[in-house]
>>> print(open('model-v9.cif').read())   # mmCIF, C-alpha atoms
data_upload
#
loop_
_atom_site.label_atom_id
_atom_site.label_comp_id
_atom_site.auth_asym_id
_atom_site.auth_seq_id
_atom_site.Cartn_x
_atom_site.Cartn_y
_atom_site.Cartn_z
CA MET B 26 130.00 94.58 85.92
CA ILE B 27 130.28 95.13 89.67
CA ARG B 28 133.83 96.07 90.59
CA ALA B 29 135.76 93.78 92.91
CA SER B 30 136.33 94.94 96.47
CA ALA B 31 138.35 93.18 99.15
CA ALA B 32 136.72 94.99 102.07
CA PRO B 33 133.57 93.45 103.59
CA PRO B 34 130.32 95.32 102.92
CA GLU B 35 128.39 97.51 105.30
CA VAL B 36 125.12 95.71 106.08
CA VAL B 37 122.15 97.90 107.03
CA PRO B 38 118.34 97.53 107.06
CA LEU B 39 116.82 98.06 103.63
CA THR B 40 114.75 101.23 103.24
CA ARG B 41 111.89 101.56 100.76
CA ALA B 42 113.60 104.51 99.05
CA VAL B 43 116.76 102.51 98.34
CA TRP B 44 114.67 99.52 97.27
CA GLU B 45 112.60 101.57 94.83
CA GLN B 46 115.76 103.07 93.34
CA ALA B 47 117.25 99.59 92.87
CA LEU B 48 114.08 98.46 91.07
CA ARG B 49 114.42 101.33 88.61
CA GLN B 50 118.10 100.55 87.97
CA ASP B 51 118.04 96.74 87.75
CA PRO B 52 116.61 95.68 84.36
CA GLN B 53 116.11 92.09 85.58
CA ALA B 54 113.86 93.12 88.50
CA MET B 55 110.52 91.31 88.64
CA ALA B 56 107.13 92.15 90.13
CA THR B 57 107.81 89.47 92.74
CA GLN B 58 110.77 91.52 94.01
CA THR B 59 108.79 94.68 94.75
CA PRO B 60 107.61 96.22 98.02
CA GLY B 61 104.03 95.48 96.95
CA TRP B 62 104.80 91.77 96.74
CA LEU B 63 106.40 91.79 100.18
CA ASP B 64 103.40 93.67 101.58
CA ALA B 65 101.11 90.98 100.17
CA ILE B 66 103.21 88.25 101.84
CA CYS B 67 103.04 90.02 105.20
CA ALA B 68 99.30 90.62 104.85
CA GLU B 69 98.65 86.93 104.19
CA GLY B 70 100.88 85.20 106.71
CA PRO B 71 103.09 85.42 109.81
CA TRP B 72 105.85 87.44 108.15
CA ALA B 73 107.40 90.88 108.65
CA GLU B 74 109.75 92.97 106.54
CA ALA B 75 113.47 92.33 107.17
CA GLY B 76 115.35 93.33 104.01
CA ARG B 77 119.08 94.06 103.98
CA LEU B 78 121.26 96.45 102.00
CA TYR B 79 124.85 95.43 101.29
CA ARG B 80 127.03 98.42 100.47
CA TRP B 81 130.73 98.30 99.59
CA ASP B 82 133.22 101.13 99.88
CA ASP B 83 133.34 101.53 96.08
CA GLY B 84 129.61 102.36 96.01
CA THR B 85 128.42 98.92 94.89
CA ARG B 86 125.03 97.92 96.32
CA ILE B 87 123.17 94.63 96.55
CA VAL B 88 119.59 94.85 97.76
CA LEU B 89 118.08 91.73 99.34
CA PRO B 90 114.36 91.91 100.14
CA LEU B 91 113.56 89.51 102.98
CA VAL B 92 110.78 88.63 105.38
CA THR B 93 111.21 87.25 108.88
CA HIS B 94 108.91 84.64 110.37
CA THR B 95 106.79 86.05 113.22
CA GLY B 96 104.66 83.02 114.10
CA PRO B 97 105.40 79.93 116.18
CA PRO B 98 108.39 78.11 114.70
CA GLY B 99 107.52 74.98 112.76
CA PRO B 100 109.77 72.03 112.00
CA GLY B 101 112.29 73.18 109.46
CA SER B 102 110.71 76.64 109.02
CA PRO B 103 113.13 79.42 108.02
CA GLU B 104 113.89 82.46 110.13
CA LEU B 105 114.34 84.64 107.03
CA ALA B 106 113.01 84.06 103.52
CA SER B 107 113.05 85.51 100.05
CA TRP B 108 110.42 84.18 99.69
CA PRO B 109 108.19 81.69 101.58
CA THR B 110 107.54 78.56 99.53
CA GLU B 111 104.15 79.55 98.14
CA TRP B 112 105.30 83.02 97.02
CA GLY B 113 107.68 82.11 94.21
CA VAL B 114 110.99 83.71 93.33
CA GLY B 115 112.58 86.72 95.00
CA GLY B 116 116.27 87.14 95.66
CA PRO B 117 118.79 89.96 95.38
CA LEU B 118 118.59 93.05 93.20
CA CYS B 119 121.87 94.20 91.69
CA PRO B 120 121.40 97.77 90.46
CA ASP B 121 125.14 98.19 89.74
CA GLY B 122 125.50 95.15 87.47
CA PRO B 123 125.99 91.39 87.82
CA PRO B 124 127.74 90.41 91.07
CA THR B 125 131.24 88.99 91.24
CA PRO B 126 132.04 85.85 93.26
CA ALA B 127 133.46 88.09 96.00
CA HIS B 128 130.16 89.88 96.42
CA THR B 129 127.92 86.79 96.34
CA ALA B 130 130.24 85.16 98.88
CA ALA B 131 130.01 88.19 101.17
CA VAL B 132 126.19 88.21 101.09
CA LEU B 133 125.95 84.49 101.77
CA ALA B 134 128.54 84.74 104.55
CA ASP B 135 126.37 87.36 106.23
CA LEU B 136 123.29 85.17 105.96
CA ALA B 137 125.26 82.26 107.41
CA ASP B 138 125.42 84.21 110.69
CA VAL B 139 121.63 84.38 111.02
CA PRO B 140 120.51 82.41 114.13
CA GLY B 141 118.03 80.41 112.09
CA ARG B 142 117.64 78.94 108.65
CA VAL B 143 117.35 81.19 105.58
CA ARG B 144 115.32 80.30 102.49
CA LEU B 145 116.35 81.82 99.14
CA ARG B 146 114.64 81.40 95.78
CA ILE B 147 116.38 83.53 93.15
CA GLY B 148 114.88 84.51 89.80
CA PRO B 149 115.74 82.57 86.64
CA LEU B 150 117.72 85.33 84.93
CA THR B 151 119.96 86.05 87.90
CA ALA B 152 120.33 82.68 89.66
CA GLY B 153 123.62 81.60 88.05
CA PRO B 154 126.20 83.63 90.04
CA TRP B 155 124.46 82.77 93.32
CA ALA B 156 124.22 79.03 92.58
CA GLU B 157 128.00 78.89 92.40
CA ALA B 158 128.35 80.52 95.84
CA VAL B 159 125.75 78.59 97.85
CA PRO B 160 127.56 76.29 100.34
CA GLU B 161 127.45 72.56 99.73
CA ARG B 162 125.75 71.88 103.04
CA ALA B 163 122.72 74.01 102.09
CA GLY B 164 119.48 72.23 101.30
CA ARG B 165 118.34 72.34 97.68
CA THR B 166 114.85 71.80 96.28
CA PRO B 167 115.01 71.52 92.48
CA ARG B 168 112.72 73.82 90.51
CA THR B 169 112.48 74.68 86.82
CA THR B 170 111.11 77.98 85.54
CA HIS B 171 110.23 78.74 81.91
CA VAL B 172 110.93 82.14 80.32
CA VAL B 173 110.28 83.54 76.84
CA ASP B 174 113.07 85.77 75.47
CA LEU B 175 111.53 88.83 73.80
CA ALA B 176 114.83 90.26 72.55
CA GLY B 177 115.34 91.09 68.90
CA PRO B 178 113.52 93.13 66.27
CA ALA B 179 109.76 93.60 66.34
CA GLY B 180 107.99 90.27 66.10
CA ALA B 181 111.14 88.23 66.75
CA TRP B 182 109.39 86.24 69.48
CA ARG B 183 106.92 84.94 66.90
CA GLN B 184 109.76 83.34 64.97
CA ARG B 185 110.51 81.20 68.03
CA LEU B 186 106.98 79.77 68.18
CA HIS B 187 106.47 76.09 67.48
CA PRO B 188 104.48 75.61 64.22
CA GLY B 189 101.68 74.04 66.24
CA ALA B 190 101.43 77.15 68.42
CA ARG B 191 101.17 79.35 65.33
CA ARG B 192 98.34 77.20 64.01
CA SER B 193 96.54 77.37 67.35
CA MET B 194 96.86 81.17 67.44
CA ARG B 195 95.40 81.42 63.96
CA LYS B 196 92.54 79.14 64.99
CA ALA B 197 91.91 81.20 68.13
CA ALA B 198 91.64 84.36 66.02
CA ARG B 199 88.83 82.69 64.03
CA SER B 200 86.99 81.19 67.01
CA GLY B 201 84.85 84.18 67.92
CA LEU B 202 86.54 84.82 71.26
CA ASP B 203 86.30 88.15 73.07
CA VAL B 204 88.97 89.25 75.53
CA THR B 205 88.50 91.53 78.53
CA ARG B 206 91.17 93.00 80.74
CA GLY B 207 90.73 94.40 84.22
CA SER B 208 91.50 94.05 87.91
CA THR B 209 88.11 94.36 89.54
CA ALA B 210 86.63 92.05 92.14
CA HIS B 211 84.45 90.57 89.39
CA ASP B 212 87.49 89.84 87.19
CA LEU B 213 89.09 87.91 90.04
CA GLU B 214 85.87 86.04 90.84
CA VAL B 215 85.56 84.94 87.21
CA PHE B 216 89.19 83.81 87.28
CA TYR B 217 88.69 81.89 90.52
CA ALA B 218 85.63 80.04 89.25
CA LEU B 219 87.75 78.82 86.32
CA TYR B 220 90.60 78.07 88.73
CA GLN B 221 88.34 75.77 90.71
CA GLN B 222 87.36 73.96 87.51
CA SER B 223 91.06 73.56 86.80
CA MET B 224 91.61 72.07 90.26
CA ASP B 225 89.05 69.37 89.51
CA ARG B 226 90.78 68.63 86.21
CA TRP B 227 94.18 68.41 87.91
CA ALA B 228 92.70 66.00 90.46
CA THR B 229 91.39 63.73 87.71
CA ARG B 230 94.80 63.75 86.06
CA SER B 231 96.64 62.96 89.30
CA GLY B 232 94.18 60.37 90.56
CA GLU B 233 93.71 62.20 93.86
CA PRO B 234 90.26 62.92 95.33
CA ALA B 235 88.99 66.24 93.98
CA ASP B 236 88.13 67.63 97.43
CA GLN B 237 91.65 66.87 98.67
CA VAL B 238 93.22 68.71 95.71
CA ARG B 239 90.88 71.66 96.16
CA ARG B 240 91.70 71.99 99.85
CA ARG B 241 95.44 71.96 99.15
CA ILE B 242 95.36 74.51 96.32
CA GLU B 243 92.77 76.76 97.93
CA ALA B 244 94.92 76.83 101.08
CA ARG B 245 97.90 77.93 98.98
CA ASP B 246 95.96 80.30 96.70
CA PRO B 247 92.72 81.45 98.33
CA LEU B 248 90.74 84.12 96.49
CA ARG B 249 91.67 86.47 99.33
CA LYS B 250 95.36 86.11 98.40
CA LEU B 251 94.70 87.07 94.78
CA ARG B 252 92.79 90.13 95.95
CA THR B 253 95.66 91.07 98.26
CA VAL B 254 98.20 90.84 95.42
CA ARG B 255 95.93 92.95 93.20
CA ASP B 256 95.53 95.56 95.93
CA ARG B 257 99.26 95.76 96.75
CA LEU B 258 100.55 95.73 93.16
CA GLY B 259 97.92 98.05 91.73
CA GLY B 260 98.30 98.62 88.00
CA ALA B 261 101.14 96.09 87.82
CA CYS B 262 98.56 93.28 88.16
CA SER B 263 95.87 92.57 85.58
CA VAL B 264 93.39 89.80 84.79
CA TRP B 265 92.82 88.85 81.15
CA THR B 266 89.82 86.67 80.31
CA ALA B 267 88.79 85.07 77.02
CA TRP B 268 85.03 84.69 76.55
CA TYR B 269 83.18 82.41 74.15
CA ARG B 270 79.54 83.29 73.50
CA GLY B 271 79.28 85.02 76.84
CA GLU B 272 80.95 82.28 78.90
CA ALA B 273 84.41 82.52 80.42
CA ALA B 274 86.72 80.08 78.62
CA ALA B 275 90.16 80.92 80.03
CA SER B 276 91.78 83.52 82.26
CA VAL B 277 95.30 84.55 83.26
CA ILE B 278 96.75 86.87 85.89
CA LEU B 279 99.67 88.91 84.58
CA LEU B 280 102.23 90.95 86.53
CA ARG B 281 104.63 93.58 85.29
CA GLN B 282 107.74 95.32 86.64
CA GLY B 283 109.89 97.44 84.37
CA ARG B 284 111.15 95.27 81.53
CA GLN B 285 109.96 91.96 82.99
CA ALA B 286 106.45 90.59 82.38
CA LYS B 287 105.13 87.59 84.30
CA TYR B 288 102.31 85.11 83.80
CA TRP B 289 101.46 84.35 87.43
CA ARG B 290 98.33 82.17 87.42
CA GLY B 291 96.12 80.62 84.74
CA ALA B 292 92.84 78.72 84.61
CA MET B 293 90.38 77.48 82.02
CA SER B 294 87.17 75.66 81.23
CA GLN B 295 88.43 72.66 79.26
CA PRO B 296 85.23 72.24 77.17
CA LEU B 297 85.38 75.87 76.02
CA ALA B 298 89.10 76.63 75.96
CA ALA B 299 90.38 73.52 74.19
CA PRO B 300 88.39 73.79 70.93
CA THR B 301 88.73 77.59 70.72
CA ARG B 302 92.43 77.68 71.70
CA ALA B 303 91.57 80.41 74.21
CA ASN B 304 94.85 80.04 76.12
CA HIS B 305 96.85 80.57 72.95
CA LEU B 306 94.98 83.80 72.27
CA LEU B 307 95.56 85.15 75.79
CA HIS B 308 99.28 84.42 75.71
CA GLU B 309 99.65 85.76 72.19
CA LEU B 310 98.10 89.07 73.25
CA ALA B 311 100.16 89.18 76.45
CA LEU B 312 103.42 88.42 74.63
CA GLN B 313 102.71 91.06 72.02
CA GLU B 314 101.87 93.70 74.61
CA ALA B 315 105.02 92.88 76.60
CA ALA B 316 107.18 93.10 73.49
CA ASP B 317 105.55 96.39 72.42
CA ALA B 318 106.20 97.82 75.90
CA GLY B 319 109.92 97.05 75.63
CA CYS B 320 109.95 94.05 77.96
CA THR B 321 112.90 91.73 77.47
CA HIS B 322 111.31 88.61 78.97
CA TYR B 323 107.96 86.96 79.59
CA HIS B 324 108.17 84.70 82.65
CA MET B 325 105.87 81.67 82.63
CA GLY B 326 106.53 80.30 86.11
CA ASP B 327 107.43 76.90 87.48
CA SER B 328 106.94 73.80 85.37
CA HIS B 329 106.74 70.08 85.82
CA PRO B 330 107.20 67.45 83.13
CA GLY B 331 104.10 67.04 81.01
CA GLY B 332 101.56 69.03 79.07
CA VAL B 333 102.12 72.40 80.71
CA THR B 334 105.85 72.26 79.97
CA ARG B 335 105.17 71.34 76.33
CA PHE B 336 102.69 74.22 76.04
CA LYS B 337 105.19 76.76 77.41
CA GLU B 338 108.00 75.52 75.20
CA SER B 339 105.71 75.69 72.15
CA LEU B 340 105.51 79.43 72.86
CA GLY B 341 109.30 79.72 72.77
CA ALA B 342 109.90 79.50 76.51
CA ARG B 343 113.19 77.98 77.69
CA PRO B 344 113.75 76.17 81.00
CA TYR B 345 115.96 77.68 83.70
CA PRO B 346 117.00 75.94 86.93
CA THR B 347 115.74 77.96 89.91
CA PRO B 348 116.25 75.78 92.99
CA ALA B 349 115.09 76.83 96.42
CA TYR B 350 118.00 76.96 98.86
CA LEU B 351 117.70 76.43 102.58
CA LEU B 352 120.82 77.84 104.19
CA PRO B 353 121.55 76.10 107.50
CA ALA B 354 121.34 77.93 110.79
CA ALA B 355 124.55 79.37 112.22
CA PRO B 356 126.25 77.04 114.73
CA LEU B 357 125.44 77.80 118.34
CA THR B 358 129.07 78.74 118.99
CA ALA B 359 128.85 81.48 116.37
CA ARG B 360 125.78 83.15 117.78
#
>>> encode(input="model-v9.cif", output="structure tokens")
Amino acid sequence: MIRASAAPPEVVPLTRAVWEQALRQDPQAMATQTPGWLDAICAEGPWAEAGRLYRWDDGTRIVLPLVTHTGPPGPGSPELASWPTEWGVGGPLCPDGPPTPAHTAAVLADLADVPGRVRLRIGPLTAGPWAEAVPERAGRTPRTTHVVDLAGPAGAWRQRLHPGARRSMRKAARSGLDVTRGSTAHDLEVFYALYQQSMDRWATRSGEPADQVRRRIEARDPLRKLRTVRDRLGGACSVWTAWYRGEAAASVILLRQGRQAKYWRGAMSQPLAAPTRANHLLHELALQEAADAGCTHYHMGDSHPGGVTRFKESLGARPYPTPAYLLPAAPLTAR
């Protein structure tokens, strides 16, 4: 546990060396809190690195990776973010243990002095102490993230599977599927072709025109963005694809940082994946690999009520509130 300290922290720009050290020391750190992730954000949009290190006189450190907006200001756009809306969860790293209320209050007080709004989206395993400190006047966008707990003896995660998920995994094993794993341009192209099929399926489900749904999702997740993430994260990013008789049935993009594994994006061909249970096979293999590697959690991303939530919970995932906070700009008199 972080020790209490009455003195305010020293606040200095975050260096990559300190950041990398914090990643090694914080067991809850995720791939979306790494320098590679920030580099991908800055490569894909009008953002620049602006992280802060909070350091108390007792040696306690809190590392907050941030980006600052470098483009023309839009209505309601933040000055600082961890992270921009389409880049998921970020938030502080606490290499010296969970923060006390005094330390969360000090960090948020510093951010309150920023001459612009600050957007924070904190990871599901570490959001609790910060939620209690966020000021009432901050904006809140509700979000729910699902996470599988991999703790326990070997194979413990399988005991948390819904019976239906176990049956689907057994069926997948008998379906004649082949699985490849890589991070080449071809792997991403195969994924994206399935992703576009998924967009059309989502449009049918929502009742929106398919071209409208495609434009929205492709603007958020162009193939270029997936390539950028792969390039910046290197071996921490991999694409797993299930094939049925030579055709791609389902594909997932997985990220890894230390003891945290993350399912980032998924796509499938409904006619091939549904009868073969291809998605169940991919997640079974990914869960087993994460558990074998000593990971404590398998993050399954944001969820909305419906089939995707039921699927994640059938794999043992539990929901965590992970709201996005928009901290108001400092009053003009305080600038």
>>> closest_atom_pairs(input="model-v9.cif", of="segment 116-168 of chain B", to="segment 341-347 of chain B", cutoff="10 Å", atoms="only C-alpha atoms", output="JSON lines")
{"residue": "B:Arg146", "atom": "CA", "partner": "B:Thr347", "partner_atom": "CA", "distance": 6.9}
{"residue": "B:Ile147", "atom": "CA", "partner": "B:Thr347", "partner_atom": "CA", "distance": 6.5}
{"residue": "B:Gly148", "atom": "CA", "partner": "B:Thr347", "partner_atom": "CA", "distance": 6.6}
{"residue": "B:Pro149", "atom": "CA", "partner": "B:Thr347", "partner_atom": "CA", "distance": 5.7}
{"residue": "B:Leu150", "atom": "CA", "partner": "B:Tyr345", "partner_atom": "CA", "distance": 7.9}
{"residue": "B:Thr151", "atom": "CA", "partner": "B:Thr347", "partner_atom": "CA", "distance": 9.3}
{"residue": "B:Ala152", "atom": "CA", "partner": "B:Thr347", "partner_atom": "CA", "distance": 6.6}
{"residue": "B:Gly153", "atom": "CA", "partner": "B:Pro346", "partner_atom": "CA", "distance": 8.8}
{"residue": "B:Ala156", "atom": "CA", "partner": "B:Thr347", "partner_atom": "CA", "distance": 9.0}
{"residue": "B:Arg165", "atom": "CA", "partner": "B:Thr347", "partner_atom": "CA", "distance": 9.9}
{"residue": "B:Thr166", "atom": "CA", "partner": "B:Thr347", "partner_atom": "CA", "distance": 8.9}
{"residue": "B:Pro167", "atom": "CA", "partner": "B:Thr347", "partner_atom": "CA", "distance": 7.0}
{"residue": "B:Arg168", "atom": "CA", "partner": "B:Thr347", "partner_atom": "CA", "distance": 5.2}
>>> write_last_selection(input="model-v9.cif", atoms="C-alpha atoms", output="compact mmCIF listing (two decimals), in the coordinates of the input")
# COMPACT_ATOMS: atom_id res chain seq x y z
CA ARG B 146 114.64 81.40 95.78
CA ILE B 147 116.38 83.53 93.15
CA GLY B 148 114.88 84.51 89.80
CA PRO B 149 115.74 82.57 86.64
CA LEU B 150 117.72 85.33 84.93
CA THR B 151 119.96 86.05 87.90
CA ALA B 152 120.33 82.68 89.66
CA GLY B 153 123.62 81.60 88.05
CA ALA B 156 124.22 79.03 92.58
CA ARG B 165 118.34 72.34 97.68
CA THR B 166 114.85 71.80 96.28
CA PRO B 167 115.01 71.52 92.48
CA ARG B 168 112.72 73.82 90.51
>>> residues_near_point(input="model-v9.cif", point="(90.5, 68.5, 88.6)", cutoff="12 Å", atoms="only C-alpha atoms", output="ChimeraX atom specification")
/B:219-240,242,292-295
>>> resolve_selection(input="model-v9.cif", expression="the PyMOL selection byres ((chain B and resi 267) around 10)", output="ChimeraX atom specification")
/B:201-206,265-266,268-269,271-277,293,297-298,301-304,306-307
>>> residues_around(input="model-v9.cif", residues="segment 62-77 of chain B", least_positions_apart="2", cutoff="9 Å", atoms="only C-alpha atoms", output="PyMOL selection string")
chain B and resi 36-40+56-60+79+87-97+105+108-109+112+249-250+253-258
>>> resolve_selection(input="model-v9.cif", expression="the PyMOL selection byres ((chain B and resi 324) around 10)", output="list in words")
Met55, Gly148, Pro149, Leu150, Thr170, His171, Val172, Val173, Asp174, Leu279, Leu280, Arg281, Gln285, Ala286, Lys287, Tyr288, Trp289, Thr321, His322, Tyr323, Met325, Gly326, Asp327, Lys337, Ala342 and Arg343 of chain B
>>> decode(input="model-v9.cif", residues="segment 66-80 of chain B", atoms="N, CA, C and O atoms", output="PDB file, in the first residue's frame")
ATOM      1  N   ILE B  66      -1.339   6.326 -30.898  1.00  0.00           N
ATOM      2  CA  ILE B  66      -2.317   7.420 -30.827  1.00  0.00           C
ATOM      3  C   ILE B  66      -1.783   8.654 -31.538  1.00  0.00           C
ATOM      4  O   ILE B  66      -2.487   9.298 -32.340  1.00  0.00           O
ATOM      5  N   CYS B  67      -0.535   9.004 -31.258  1.00  0.00           N
ATOM      6  CA  CYS B  67       0.046  10.216 -31.847  1.00  0.00           C
ATOM      7  C   CYS B  67       0.273  10.061 -33.347  1.00  0.00           C
ATOM      8  O   CYS B  67       0.196  11.052 -34.095  1.00  0.00           O
ATOM      9  N   ALA B  68       0.525   8.841 -33.806  1.00  0.00           N
ATOM     10  CA  ALA B  68       0.711   8.611 -35.238  1.00  0.00           C
ATOM     11  C   ALA B  68      -0.598   8.708 -36.003  1.00  0.00           C
ATOM     12  O   ALA B  68      -0.608   9.020 -37.200  1.00  0.00           O
ATOM     13  N   GLU B  69      -1.715   8.461 -35.319  1.00  0.00           N
ATOM     14  CA  GLU B  69      -3.013   8.387 -35.990  1.00  0.00           C
ATOM     15  C   GLU B  69      -3.884   9.628 -35.815  1.00  0.00           C
ATOM     16  O   GLU B  69      -4.963   9.704 -36.411  1.00  0.00           O
ATOM     17  N   GLY B  70      -3.463  10.581 -35.021  1.00  0.00           N
ATOM     18  CA  GLY B  70      -4.327  11.738 -34.802  1.00  0.00           C
ATOM     19  C   GLY B  70      -3.563  12.942 -34.296  1.00  0.00           C
ATOM     20  O   GLY B  70      -2.344  12.882 -34.079  1.00  0.00           O
ATOM     21  N   PRO B  71      -4.272  14.046 -34.052  1.00  0.00           N
ATOM     22  CA  PRO B  71      -3.618  15.297 -33.634  1.00  0.00           C
ATOM     23  C   PRO B  71      -3.307  15.300 -32.141  1.00  0.00           C
ATOM     24  O   PRO B  71      -3.890  16.063 -31.362  1.00  0.00           O
ATOM     25  N   TRP B  72      -2.397  14.417 -31.736  1.00  0.00           N
ATOM     26  CA  TRP B  72      -2.046  14.291 -30.327  1.00  0.00           C
ATOM     27  C   TRP B  72      -0.538  14.249 -30.167  1.00  0.00           C
ATOM     28  O   TRP B  72       0.182  13.776 -31.061  1.00  0.00           O
ATOM     29  N   ALA B  73      -0.053  14.719 -29.025  1.00  0.00           N
ATOM     30  CA  ALA B  73       1.371  14.684 -28.696  1.00  0.00           C
ATOM     31  C   ALA B  73       1.540  14.240 -27.246  1.00  0.00           C
ATOM     32  O   ALA B  73       0.662  14.444 -26.409  1.00  0.00           O
ATOM     33  N   GLU B  74       2.674  13.651 -26.963  1.00  0.00           N
ATOM     34  CA  GLU B  74       2.951  13.112 -25.629  1.00  0.00           C
ATOM     35  C   GLU B  74       2.996  14.216 -24.581  1.00  0.00           C
ATOM     36  O   GLU B  74       3.591  15.267 -24.789  1.00  0.00           O
ATOM     37  N   ALA B  75       2.356  13.958 -23.415  1.00  0.00           N
ATOM     38  CA  ALA B  75       2.301  14.985 -22.359  1.00  0.00           C
ATOM     39  C   ALA B  75       2.174  14.348 -20.979  1.00  0.00           C
ATOM     40  O   ALA B  75       1.552  14.921 -20.081  1.00  0.00           O
ATOM     41  N   GLY B  76       2.778  13.171 -20.781  1.00  0.00           N
ATOM     42  CA  GLY B  76       2.636  12.468 -19.513  1.00  0.00           C
ATOM     43  C   GLY B  76       3.241  13.205 -18.332  1.00  0.00           C
ATOM     44  O   GLY B  76       4.129  14.050 -18.481  1.00  0.00           O
ATOM     45  N   ARG B  77       2.742  12.861 -17.126  1.00  0.00           N
ATOM     46  CA  ARG B  77       3.214  13.497 -15.902  1.00  0.00           C
ATOM     47  C   ARG B  77       3.628  12.436 -14.880  1.00  0.00           C
ATOM     48  O   ARG B  77       2.996  11.375 -14.793  1.00  0.00           O
ATOM     49  N   LEU B  78       4.661  12.763 -14.131  1.00  0.00           N
ATOM     50  CA  LEU B  78       5.111  11.944 -13.015  1.00  0.00           C
ATOM     51  C   LEU B  78       4.837  12.698 -11.727  1.00  0.00           C
ATOM     52  O   LEU B  78       5.256  13.852 -11.571  1.00  0.00           O
ATOM     53  N   TYR B  79       4.119  12.040 -10.816  1.00  0.00           N
ATOM     54  CA  TYR B  79       3.851  12.591  -9.490  1.00  0.00           C
ATOM     55  C   TYR B  79       4.756  11.864  -8.507  1.00  0.00           C
ATOM     56  O   TYR B  79       4.720  10.628  -8.414  1.00  0.00           O
ATOM     57  N   ARG B  80       5.549  12.627  -7.767  1.00  0.00           N
ATOM     58  CA  ARG B  80       6.559  12.024  -6.898  1.00  0.00           C
ATOM     59  C   ARG B  80       6.496  12.703  -5.527  1.00  0.00           C
ATOM     60  O   ARG B  80       6.663  13.914  -5.408  1.00  0.00           O
TER      61      ARG B  80
END
